[in-house]
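Enquirer: Handing you this structure, nothing more for now.
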Amino acid sequence: MMRALLLATTVLAGLIVPGAAWAQDQSDTAQTTENEENTGLSEIVVTAQRREESLQRAAVAVSAVTGDDLTKSGITETAGLTRLVPSLVVQPTGGTTSFFLRGVGTNSQNSFAENAVAFNFNGIYVGRPTAPAGVFYDLERVEVVKGPQGTLYGRNATGGAINVIPKKPVLGTFSGEGLFEYGNYDSKKASLALNIPIGDTVALRLAGQIVDRDGYISDGYDDDKGEAFRASLLIEPSDRWSMTLVADYYNQRGKGAGAVLLPEARYTVPPLEDRVSISDPRAQAAVRNLARGIFAPPFCGGPGNFVNSGCVALAGTDGFLDNQFFGVSATVVGDMGFGTLTVIPAYRRSDVNVLTYLPGFAGTIKDVAEQSSLEVRLASNEDQRLRYVLGVFYFGENQVTENFFRQGNISTTRFTPRLSTESIAAFGQLTFDIADTLRLVAGGRYTREDKEQFTSVASGGLPGPVAPPLSAPFTGDLSFEKFTWKAGLEWDAGPASLVYANVATGFKSGGFFVAQPPNNTFAPEELTAFTLGAKNRFFDNKLQLNIEAFYWDYKDQQITFVGGVRTAGGIFAQGSTTVNAGKSRIYGVEFEARFAPSRNDLFNLNVQYLNGKYDRLQTANFSPTGAPVTTGCTTLGSRLANPGVNGARFFDIDCSGNPTVNSPKWAVNLGYERTFELTGDLNLVFGARGNIESSRFLNSNFRPEERQGSFAMADAYLTLDSAGGWNITGFINNITDEEVLARAGTRPILDFPVATLRPPRTYGVRVGFNF
């Protein structure tokens with residue numbers, strides 16, 4: 001740790017001191033060249049700190065991906081962001097999406113789950129992990145804010161925040177842009193956006209997208225099918241106030257994410273490069289072969305008959321997604337003279353109907369969630385010594401849900417929670433100029449959150465009833481109060497150099513998991529982050545060098561795993577369990593370089609070193625048959641879960657000292673783009689980018705088979721771009737066709753590992769136009 005921090009401090013000093021001198025010597029030139037078209041690096045404006053500012057002047061670690069970069073990368077879903085942001089890991093989890101930033105995240109496994117990285121669309125916090133879908137078109141940019149955002153974002157932003165910002169209507173301009181793409185796996189994508197002026201004070205922007213792609217694995221899983229539409233209406237009667245109304249809809253179809261068998265010592269599975277689905281006859285034959293050598297109790301047909309008896313069901317080919325997402329919001333901005341008032345009321349609804357075999361067995365998730373939110377912010381003018389952002393926030397959500405997981409006749413779990421969440425917060429952040437180049441930043445947020453549940457459960461399986469009736473409903477109430485804060489210093493080391501240091505805290509509220517009370521809750525988790533960073537531009541705005549060193553102290557960490565849950569009859573059964581089992585520390589350094597030696601060349605480099613370790617991580621894993629649980633950790637012992645009833649056992653597992661999950665020690669993104677000027681109106685643009693990561697574990701059981709080894713992936717594209725408003729692009733992604741795991745887990749009872757893969761080699765042609 002000390003070596004890493006010493007290295008970071010040394011590099012920071014090396015950047016800061018020359019940066020101040022070089023920037024001062026060239027201040028006049030830099031100021032001029034920043035305003036010259038096509039000279040040096042372009043500026044990206046972000047709103048990561050709830051106000052518009054240059055990315056280079058934001059004293060926070062932010063990766064900003066422009067809408068053009070998303071288009072060039074062919075990203076139309078959340079999981080694709082992993083290719084562009086090295087610190088971000090996105091996991092599909094059978095109808096939900098899990099985010100990890102610098103090793104902080106949540107394995108979202110059912111309707112109770114909430115992410116530890118806040119997902120915001122158009123400034124609206126989206127509560128459900130099922131809902132970050134269908135928004136990746138017609139975008140201004142995506143911002144990935146790293147580290148706890150407990151002051152300005154608050155709710156469930158322990159690890160950071162992802163801000164998806166759509167393009168807004170423009171007054172007085174009729175324009176449009178479209179994109180059509182065809183590629184392998186019969187991939188068809190089309191998007192269209194129109195900006196329509198309505199008089200001098202109103203503008204309407206209409207945008208839509210259709211995606212239809214076959215699955216990446218056999219039997220059609222890992223496909224992408226859906227239709228999305230968005231309408232934005234800007235009303236700006238004067239230069240002092242405006243209102244933007246946004247409505248969006250997404251219809252998600254297809255079979256959804258799929259899984260493959262991972263190799264392990266007990267049996268032979270289809271090669272990963274063949275991408276054979278677990279529902280494929282070849283994979284099913286391998287599972288049957290494994291089951292023949294495993295002892296089964298008499299009620300499951302005796303030794304070797306787990307599968308033949310139906311006690312363990314094989315994965316099917318009938319998985320599907322049938323989801324609809326709808327949202328409407330208003331953003332009202334008014335100039336009060338002394339500051340800017342922003343009011344954002346919003347409503348969102350997600351209607352989810354999923355059948356997935358992603359964990360190796362059948363899971364049906366039906367979830368209707370409605371959320372309402374209101375945020376009111378008052379931001380001072382920027383031309384004063386003391387500046388502030390003050391605000392209040394309300395969030396309310398109601399869920400009506402049915403989850404039904406079926407491993408076969410030996411284990412079924414059904415639960416029907418009715419969940420209600422209400423969260424209110426007041427927050428503020430102040431910036432005070434101690435001197436012309438030195439600022440003090442301080443902020444805080446008070447949050448109160450109340451949760452209620454009304455839930456019935458049914459856990460069945462031989463030798464008892466396979467599908468027992470639901471239990472009598474049980475209720476639960478939880479309340480949490482927390483004050484989170486931030487304090488820091490910002491120093492302008494030169495006209496193009498910023499140095500910052502801060503301490504910030506964040507928390508993720510506690511909640512319920514599926515079990516009979518009283519032991520069916522978990523407490524909030526907390527994170528304190530210490531940060532030292534520098535952002536610099538050199539050589540007439542042609543070279544950008546940014547670096548940040550960080551140390552995170554993570555307490556009461558919420559860990560989700562396959563444990564034992566108490567059923568209505570007082571008997572423990574297998575189910576998803578969340579406990580405050582972990583304490584960890586995470587530190588590292590992130591370095592970013594961008595270099596534009598000419599207007600036709602652009603180099604990008606992003607390197608992250610991450611060292612995460614669980615100082616304490618102990619769980620009680622559950623085995624319904626009593627067979628030992630496969631783990632890469634230390635098994636301290638076992639005990640009967642239901643003495644005198646069955647042979648189920650708890651295995652006490654100690655994973656302390658292991659690395660944090662989804663935390664590659666090294667992650668590197670690099671890219672190069674070259675523009676060849678063919679004629680005055682025609683350019684040829686070549687681009688290439690690469691992604692290199694060291695190994696990491698994908699869940700907290702640390703099973704050796706569920707570890708992704710080191711890998712390297714590369715993409716390339718070639719674009720013919722006309723000043724007349726059209727372009728044609730040929731692209732290829734994952735050129736070497738690497739098999740990289742996106743998630744991994746263990747299929748219980750037979751105890752074999754399954755995984756979801758990132759996309760294989762894809763290629764195609766993209767045609768775009770604008771007017």
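By convention here, the chains of the structure tokens are called A, B, ... in the order presented, each chain's residues are numbered starting at 1, and ligands are numbered starting at 1 in the order presented.
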Residues at most 6 Å from range 540-549 of chain A, counting only C-alpha atoms, excluding those fewer than 5 positions away in the same chain, as a ChimeraX atom specification?
Expert: /A:30,40-41,531-535,588-596
Enquirer: Selected residues, C-alpha atoms, written as a PDB file, in the first residue's frame, please.
Expert:
```pdb
ATOM      1  CA  ALA A  30      -3.491  28.145 -24.500  1.00  0.00           C
ATOM      2  CA  GLY A  40      -5.975  20.614 -29.632  1.00  0.00           C
ATOM      3  CA  LEU A  41      -8.239  18.586 -27.383  1.00  0.00           C
ATOM      4  CA  THR A 531      -8.728  11.159  -2.703  1.00  0.00           C
ATOM      5  CA  LEU A 532      -5.771  13.109  -4.131  1.00  0.00           C
ATOM      6  CA  GLY A 533      -5.828  14.087  -7.792  1.00  0.00           C
ATOM      7  CA  ALA A 534      -4.530  16.394 -10.500  1.00  0.00           C
ATOM      8  CA  LYS A 535      -5.837  17.406 -13.937  1.00  0.00           C
ATOM      9  CA  GLY A 588      -5.293   2.431  -6.104  1.00  0.00           C
ATOM     10  CA  VAL A 589      -4.274   4.931  -8.765  1.00  0.00           C
ATOM     11  CA  GLU A 590      -5.955   5.881 -12.029  1.00  0.00           C
ATOM     12  CA  PHE A 591      -4.011   7.646 -14.782  1.00  0.00           C
ATOM     13  CA  GLU A 592      -5.473   9.156 -17.934  1.00  0.00           C
ATOM     14  CA  ALA A 593      -3.620  10.613 -20.925  1.00  0.00           C
ATOM     15  CA  ARG A 594      -4.980  12.160 -24.132  1.00  0.00           C
ATOM     16  CA  PHE A 595      -2.697  13.518 -26.825  1.00  0.00           C
ATOM     17  CA  ALA A 596      -3.653  15.343 -30.025  1.00  0.00           C
TER      18      ALA A 596
END
```
Enquirer: Mind checking DSSP for range 204-360 of chain A and telling me the strand (DSSP E or B) residues as a compact mmCIF listing (two decimals) with N, CA and C atoms, in the first residue's frame?
Expert:
```
# COMPACT_ATOMS: atom_id res chain seq x y z
N LEU A 204 -39.17 20.66 -30.35
CA LEU A 204 -39.51 19.27 -30.07
C LEU A 204 -38.43 18.37 -30.66
N ARG A 205 -37.97 17.41 -29.86
CA ARG A 205 -37.00 16.43 -30.36
C ARG A 205 -37.62 15.04 -30.22
N LEU A 206 -37.68 14.33 -31.33
CA LEU A 206 -38.21 12.97 -31.35
C LEU A 206 -37.07 12.02 -31.72
N ALA A 207 -36.94 10.94 -30.97
CA ALA A 207 -35.86 9.99 -31.22
C ALA A 207 -36.37 8.58 -30.97
N GLY A 208 -35.87 7.65 -31.75
CA GLY A 208 -36.26 6.26 -31.57
C GLY A 208 -35.17 5.31 -32.01
N GLN A 209 -35.27 4.08 -31.54
CA GLN A 209 -34.27 3.07 -31.90
C GLN A 209 -34.93 1.69 -31.95
N ILE A 210 -34.50 0.89 -32.92
CA ILE A 210 -34.92 -0.50 -33.02
C ILE A 210 -33.66 -1.36 -33.08
N VAL A 211 -33.62 -2.40 -32.24
CA VAL A 211 -32.49 -3.32 -32.21
C VAL A 211 -33.04 -4.74 -32.35
N ASP A 212 -32.42 -5.53 -33.22
CA ASP A 212 -32.83 -6.92 -33.41
C ASP A 212 -31.59 -7.73 -33.76
N ARG A 213 -31.11 -8.50 -32.77
CA ARG A 213 -29.90 -9.30 -32.97
C ARG A 213 -30.10 -10.69 -32.42
N ASP A 224 -30.53 -9.56 -28.36
CA ASP A 224 -30.87 -8.18 -28.03
C ASP A 224 -31.98 -7.75 -28.97
N LYS A 225 -33.18 -7.56 -28.43
CA LYS A 225 -34.33 -7.18 -29.24
C LYS A 225 -35.15 -6.16 -28.47
N GLY A 226 -35.51 -5.09 -29.15
CA GLY A 226 -36.34 -4.11 -28.48
C GLY A 226 -36.57 -2.87 -29.31
N GLU A 227 -37.56 -2.10 -28.90
CA GLU A 227 -37.91 -0.84 -29.55
C GLU A 227 -38.00 0.24 -28.48
N ALA A 228 -37.42 1.39 -28.78
CA ALA A 228 -37.40 2.49 -27.82
C ALA A 228 -37.82 3.77 -28.51
N PHE A 229 -38.44 4.66 -27.74
CA PHE A 229 -38.89 5.94 -28.29
C PHE A 229 -38.77 7.00 -27.20
N ARG A 230 -38.39 8.22 -27.61
CA ARG A 230 -38.25 9.31 -26.65
C ARG A 230 -38.73 10.60 -27.31
N ALA A 231 -39.49 11.40 -26.56
CA ALA A 231 -39.94 12.72 -27.03
C ALA A 231 -39.54 13.75 -25.99
N SER A 232 -38.90 14.83 -26.44
CA SER A 232 -38.46 15.90 -25.55
C SER A 232 -39.00 17.23 -26.07
N LEU A 233 -39.63 17.98 -25.20
CA LEU A 233 -40.23 19.27 -25.58
C LEU A 233 -39.59 20.37 -24.74
N LEU A 234 -38.94 21.31 -25.40
CA LEU A 234 -38.32 22.46 -24.73
C LEU A 234 -39.20 23.69 -24.91
N ILE A 235 -39.51 24.32 -23.78
CA ILE A 235 -40.27 25.58 -23.78
C ILE A 235 -39.38 26.62 -23.11
N GLU A 236 -39.01 27.65 -23.87
CA GLU A 236 -38.10 28.68 -23.34
C GLU A 236 -38.62 30.06 -23.73
N PRO A 237 -39.60 30.58 -22.97
CA PRO A 237 -40.21 31.87 -23.33
C PRO A 237 -39.29 33.06 -23.14
N SER A 238 -38.22 32.88 -22.34
CA SER A 238 -37.26 33.96 -22.16
C SER A 238 -35.92 33.35 -21.81
N TRP A 241 -35.85 31.61 -17.97
CA TRP A 241 -36.35 30.32 -17.51
C TRP A 241 -36.74 29.44 -18.68
N SER A 242 -36.74 28.12 -18.41
CA SER A 242 -37.08 27.15 -19.44
C SER A 242 -37.66 25.91 -18.76
N MET A 243 -38.37 25.13 -19.55
CA MET A 243 -38.89 23.84 -19.07
C MET A 243 -38.70 22.81 -20.17
N THR A 244 -38.15 21.66 -19.80
CA THR A 244 -37.97 20.55 -20.73
C THR A 244 -38.78 19.36 -20.24
N LEU A 245 -39.72 18.91 -21.05
CA LEU A 245 -40.53 17.73 -20.75
C LEU A 245 -39.99 16.56 -21.54
N VAL A 246 -39.80 15.43 -20.88
CA VAL A 246 -39.24 14.25 -21.54
C VAL A 246 -40.11 13.04 -21.21
N ALA A 247 -40.50 12.30 -22.24
CA ALA A 247 -41.20 11.03 -22.07
C ALA A 247 -40.44 9.97 -22.85
N ASP A 248 -40.24 8.79 -22.25
CA ASP A 248 -39.51 7.73 -22.92
C ASP A 248 -40.21 6.39 -22.68
N TYR A 249 -40.06 5.50 -23.66
CA TYR A 249 -40.67 4.17 -23.58
C TYR A 249 -39.71 3.16 -24.20
N TYR A 250 -39.65 1.98 -23.59
CA TYR A 250 -38.80 0.91 -24.12
C TYR A 250 -39.53 -0.42 -23.97
N ASN A 251 -39.61 -1.15 -25.06
CA ASN A 251 -40.18 -2.49 -25.07
C ASN A 251 -39.05 -3.48 -25.30
N GLN A 252 -38.72 -4.27 -24.27
CA GLN A 252 -37.60 -5.20 -24.33
C GLN A 252 -38.13 -6.62 -24.56
N ARG A 253 -37.58 -7.26 -25.59
CA ARG A 253 -38.04 -8.60 -25.95
C ARG A 253 -36.84 -9.54 -26.05
N VAL A 260 -23.27 -20.56 -19.91
CA VAL A 260 -22.52 -21.71 -20.42
C VAL A 260 -21.90 -22.43 -19.23
N LEU A 261 -21.51 -23.69 -19.47
CA LEU A 261 -20.83 -24.47 -18.44
C LEU A 261 -19.36 -24.08 -18.39
N GLU A 264 -14.41 -27.84 -15.20
CA GLU A 264 -13.91 -28.20 -13.87
C GLU A 264 -13.51 -29.67 -13.88
N TYR A 267 -15.82 -33.38 -14.66
CA TYR A 267 -16.44 -33.84 -15.91
C TYR A 267 -15.99 -32.97 -17.06
N SER A 277 -24.82 -23.16 -25.02
CA SER A 277 -25.75 -22.81 -23.95
C SER A 277 -25.97 -23.99 -23.00
N PHE A 320 -37.27 -16.05 -21.73
CA PHE A 320 -37.75 -14.89 -22.48
C PHE A 320 -37.68 -13.63 -21.62
N LEU A 321 -37.69 -12.49 -22.30
CA LEU A 321 -37.89 -11.18 -21.70
C LEU A 321 -39.16 -10.58 -22.30
N ASN A 323 -40.57 -7.09 -21.22
CA ASN A 323 -40.47 -5.97 -20.29
C ASN A 323 -40.86 -4.67 -20.97
N GLN A 324 -41.53 -3.82 -20.21
CA GLN A 324 -41.86 -2.47 -20.68
C GLN A 324 -41.43 -1.46 -19.62
N PHE A 325 -40.79 -0.41 -20.09
CA PHE A 325 -40.33 0.66 -19.21
C PHE A 325 -40.85 1.99 -19.75
N PHE A 326 -41.36 2.81 -18.83
CA PHE A 326 -41.93 4.09 -19.23
C PHE A 326 -41.54 5.14 -18.21
N GLY A 327 -41.22 6.34 -18.69
CA GLY A 327 -40.88 7.42 -17.79
C GLY A 327 -41.31 8.76 -18.33
N VAL A 328 -41.61 9.68 -17.44
CA VAL A 328 -41.94 11.05 -17.83
C VAL A 328 -41.36 11.98 -16.77
N SER A 329 -40.80 13.10 -17.21
CA SER A 329 -40.18 14.04 -16.27
C SER A 329 -40.27 15.45 -16.83
N ALA A 330 -40.06 16.39 -15.94
CA ALA A 330 -39.96 17.80 -16.33
C ALA A 330 -38.74 18.38 -15.63
N THR A 331 -37.99 19.18 -16.37
CA THR A 331 -36.87 19.90 -15.78
C THR A 331 -37.13 21.39 -15.98
N VAL A 332 -37.39 22.07 -14.89
CA VAL A 332 -37.69 23.50 -14.91
C VAL A 332 -36.49 24.24 -14.37
N VAL A 333 -35.95 25.17 -15.16
CA VAL A 333 -34.76 25.94 -14.77
C VAL A 333 -35.11 27.41 -14.83
N GLY A 334 -34.91 28.12 -13.71
CA GLY A 334 -35.22 29.53 -13.66
C GLY A 334 -34.09 30.36 -13.10
N ASP A 335 -33.83 31.50 -13.71
CA ASP A 335 -32.82 32.44 -13.24
C ASP A 335 -33.46 33.35 -12.21
N GLY A 339 -29.23 33.42 -8.30
CA GLY A 339 -28.88 32.03 -8.50
C GLY A 339 -29.85 31.36 -9.46
N THR A 340 -29.64 30.06 -9.66
CA THR A 340 -30.46 29.29 -10.58
C THR A 340 -31.25 28.24 -9.81
N LEU A 341 -32.55 28.23 -10.04
CA LEU A 341 -33.44 27.26 -9.40
C LEU A 341 -33.75 26.16 -10.41
N THR A 342 -33.58 24.90 -9.99
CA THR A 342 -33.88 23.74 -10.83
C THR A 342 -34.86 22.84 -10.10
N VAL A 343 -35.95 22.51 -10.76
CA VAL A 343 -36.98 21.64 -10.18
C VAL A 343 -37.20 20.48 -11.14
N ILE A 344 -37.09 19.24 -10.63
CA ILE A 344 -37.20 18.05 -11.48
C ILE A 344 -38.19 17.06 -10.86
N PRO A 345 -39.47 17.12 -11.24
CA PRO A 345 -40.39 16.06 -10.86
C PRO A 345 -40.35 14.94 -11.90
N ALA A 346 -40.54 13.69 -11.46
CA ALA A 346 -40.44 12.57 -12.39
C ALA A 346 -41.26 11.39 -11.92
N TYR A 347 -41.68 10.59 -12.89
CA TYR A 347 -42.39 9.34 -12.62
C TYR A 347 -41.83 8.29 -13.56
N ARG A 348 -41.59 7.08 -13.03
CA ARG A 348 -41.14 5.97 -13.86
C ARG A 348 -41.86 4.70 -13.45
N ARG A 349 -42.10 3.85 -14.44
CA ARG A 349 -42.75 2.57 -14.21
C ARG A 349 -41.99 1.50 -14.99
N SER A 350 -41.72 0.39 -14.33
CA SER A 350 -41.14 -0.77 -15.01
C SER A 350 -42.05 -1.96 -14.79
N ASP A 351 -42.34 -2.64 -15.88
CA ASP A 351 -43.21 -3.82 -15.85
C ASP A 351 -42.40 -4.97 -16.42
N VAL A 352 -41.91 -5.84 -15.55
CA VAL A 352 -40.94 -6.86 -15.91
C VAL A 352 -41.57 -8.24 -15.84
N ASN A 353 -41.36 -9.02 -16.88
CA ASN A 353 -41.80 -10.42 -16.92
C ASN A 353 -40.68 -11.22 -17.58
N VAL A 354 -39.96 -12.01 -16.77
CA VAL A 354 -38.74 -12.67 -17.22
C VAL A 354 -38.78 -14.14 -16.83
N LEU A 355 -38.38 -15.01 -17.75
CA LEU A 355 -38.03 -16.39 -17.43
C LEU A 355 -36.58 -16.57 -17.82
N THR A 356 -35.74 -16.87 -16.83
CA THR A 356 -34.30 -16.97 -17.07
C THR A 356 -33.76 -18.27 -16.50
```
Enquirer: Give me, as JSON lines, the closest atom pair and its distance (Å, one decimal) for every residue of range 421-527 of chain A within a cut-off of 12 Å of range 98-104 of chain A, counting only C-alpha atoms, rows sorted by chain and rising number.
Expert:
```
{"residue": "A:Gly506", "atom": "CA", "partner": "A:Val104", "partner_atom": "CA", "distance": 11.6}
{"residue": "A:Phe507", "atom": "CA", "partner": "A:Val104", "partner_atom": "CA", "distance": 11.6}
{"residue": "A:Lys508", "atom": "CA", "partner": "A:Val104", "partner_atom": "CA", "distance": 11.2}
{"residue": "A:Glu525", "atom": "CA", "partner": "A:Val104", "partner_atom": "CA", "distance": 11.0}
{"residue": "A:Glu526", "atom": "CA", "partner": "A:Val104", "partner_atom": "CA", "distance": 11.1}
{"residue": "A:Leu527", "atom": "CA", "partner": "A:Val104", "partner_atom": "CA", "distance": 9.5}
```
Enquirer: Pull all heavy atoms from the residues just selected and write them as a compact mmCIF listing (two decimals), in the first residue's frame.
Expert:
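Generated output (out.txt):
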```
# COMPACT_ATOMS: atom_id res chain seq x y z
N GLY A 506 -20.19 7.85 1.82
CA GLY A 506 -21.41 7.41 1.17
C GLY A 506 -22.01 6.26 1.94
O GLY A 506 -21.31 5.59 2.73
N PHE A 507 -23.30 6.03 1.72
CA PHE A 507 -23.92 4.86 2.36
C PHE A 507 -25.00 4.29 1.46
O PHE A 507 -25.59 5.00 0.64
CB PHE A 507 -24.46 5.23 3.75
CG PHE A 507 -25.93 5.55 3.79
CD1 PHE A 507 -26.82 4.70 4.42
CD2 PHE A 507 -26.42 6.72 3.20
CE1 PHE A 507 -28.17 5.01 4.47
CE2 PHE A 507 -27.76 7.03 3.26
CZ PHE A 507 -28.66 6.16 3.90
N LYS A 508 -25.22 3.00 1.61
CA LYS A 508 -26.31 2.30 0.94
C LYS A 508 -27.22 1.76 2.02
O LYS A 508 -26.77 1.10 2.96
CB LYS A 508 -25.74 1.16 0.08
CG LYS A 508 -26.80 0.34 -0.63
CD LYS A 508 -26.12 -0.64 -1.60
CE LYS A 508 -27.14 -1.49 -2.33
NZ LYS A 508 -27.56 -2.63 -1.51
N GLU A 525 -24.60 -0.14 4.58
CA GLU A 525 -23.15 -0.19 4.44
C GLU A 525 -22.63 1.23 4.27
O GLU A 525 -23.34 2.11 3.82
CB GLU A 525 -22.74 -1.06 3.25
CG GLU A 525 -23.19 -0.53 1.89
CD GLU A 525 -22.76 -1.44 0.74
OE1 GLU A 525 -22.52 -2.64 0.97
OE2 GLU A 525 -22.66 -0.93 -0.39
N GLU A 526 -21.37 1.44 4.65
CA GLU A 526 -20.79 2.77 4.62
C GLU A 526 -19.41 2.72 3.98
O GLU A 526 -18.69 1.73 4.11
CB GLU A 526 -20.68 3.34 6.04
CG GLU A 526 -22.00 3.41 6.78
CD GLU A 526 -21.85 3.90 8.21
OE1 GLU A 526 -20.77 4.44 8.53
OE2 GLU A 526 -22.78 3.73 9.00
N LEU A 527 -19.06 3.81 3.31
CA LEU A 527 -17.75 3.89 2.68
C LEU A 527 -17.19 5.29 2.87
O LEU A 527 -17.89 6.29 2.67
CB LEU A 527 -17.84 3.56 1.19
CG LEU A 527 -16.53 3.32 0.43
CD1 LEU A 527 -16.73 2.30 -0.68
CD2 LEU A 527 -15.97 4.61 -0.16
```
Enquirer: Please provide as a PyMOL selection string all residues within 9 Å of range 143-151 of chain A, with the sequence filter that same-chain residues fewer than 5 positions apart are discarded (counting only C-alpha atoms).
Expert: chain A and resi 46-48+60-66+85+87-88+101-102+104+117-118+156-165+427-429+443-446+483-486+504-507+527-529+550+552
Enquirer: Pick out the closest residue to Ile586 in chain A from this set: A:Thr630, A:Gln618, A:Asn683, A:Ser663. Count only C-alpha atoms.
Expert: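 Checking each candidate against Ile586 in chain A, we get A:Ser663 as the closest.
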Enquirer: If we count only C-alpha atoms and set the cut-off at 12 Å, which residues sit around Asn184 in chain A, ignoring sequence neighbours fewer than 2 positions away in its own chain? Please answer as a list in words.
Expert: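 Everything that qualifies: Glu181, Tyr182, Asp186, Ser187, Lys188, Lys189, Asp212, Arg213, Asp214, Gly215, Tyr216, Phe731, Ile732, Asn733, Pro759, Pro760, Arg761, Thr762, Tyr763, Gly764 and Val765 of chain A.
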Enquirer: Do a neighbour search on range 78-80 of chain A at 9 Å with only C-alpha atoms, toss out local chain neighbours closer than 6 positions, and write the hits as a PDB file with C-alpha atoms, in the first residue's frame.
Expert:
```pdb
ATOM      1  CA  LEU A  70     -20.931   5.291 -27.967  1.00  0.00           C
ATOM      2  CA  VAL A  89     -17.901  -3.816 -14.419  1.00  0.00           C
ATOM      3  CA  VAL A  90     -21.459  -4.491 -15.627  1.00  0.00           C
ATOM      4  CA  GLN A  91     -23.006  -7.896 -14.961  1.00  0.00           C
ATOM      5  CA  PRO A  92     -26.258  -9.247 -16.413  1.00  0.00           C
ATOM      6  CA  THR A  97     -28.139  -5.525 -14.066  1.00  0.00           C
ATOM      7  CA  PRO A 132     -31.300   0.515 -16.709  1.00  0.00           C
ATOM      8  CA  ALA A 133     -32.230  -0.534 -20.238  1.00  0.00           C
ATOM      9  CA  GLY A 134     -33.286   0.930 -23.545  1.00  0.00           C
ATOM     10  CA  VAL A 135     -31.755   4.405 -23.126  1.00  0.00           C
ATOM     11  CA  PHE A 136     -28.510   4.170 -25.116  1.00  0.00           C
ATOM     12  CA  ALA A 742     -19.163 -11.341 -17.539  1.00  0.00           C
ATOM     13  CA  ARG A 758     -19.082 -11.083 -22.970  1.00  0.00           C
TER      14      ARG A 758
END
```
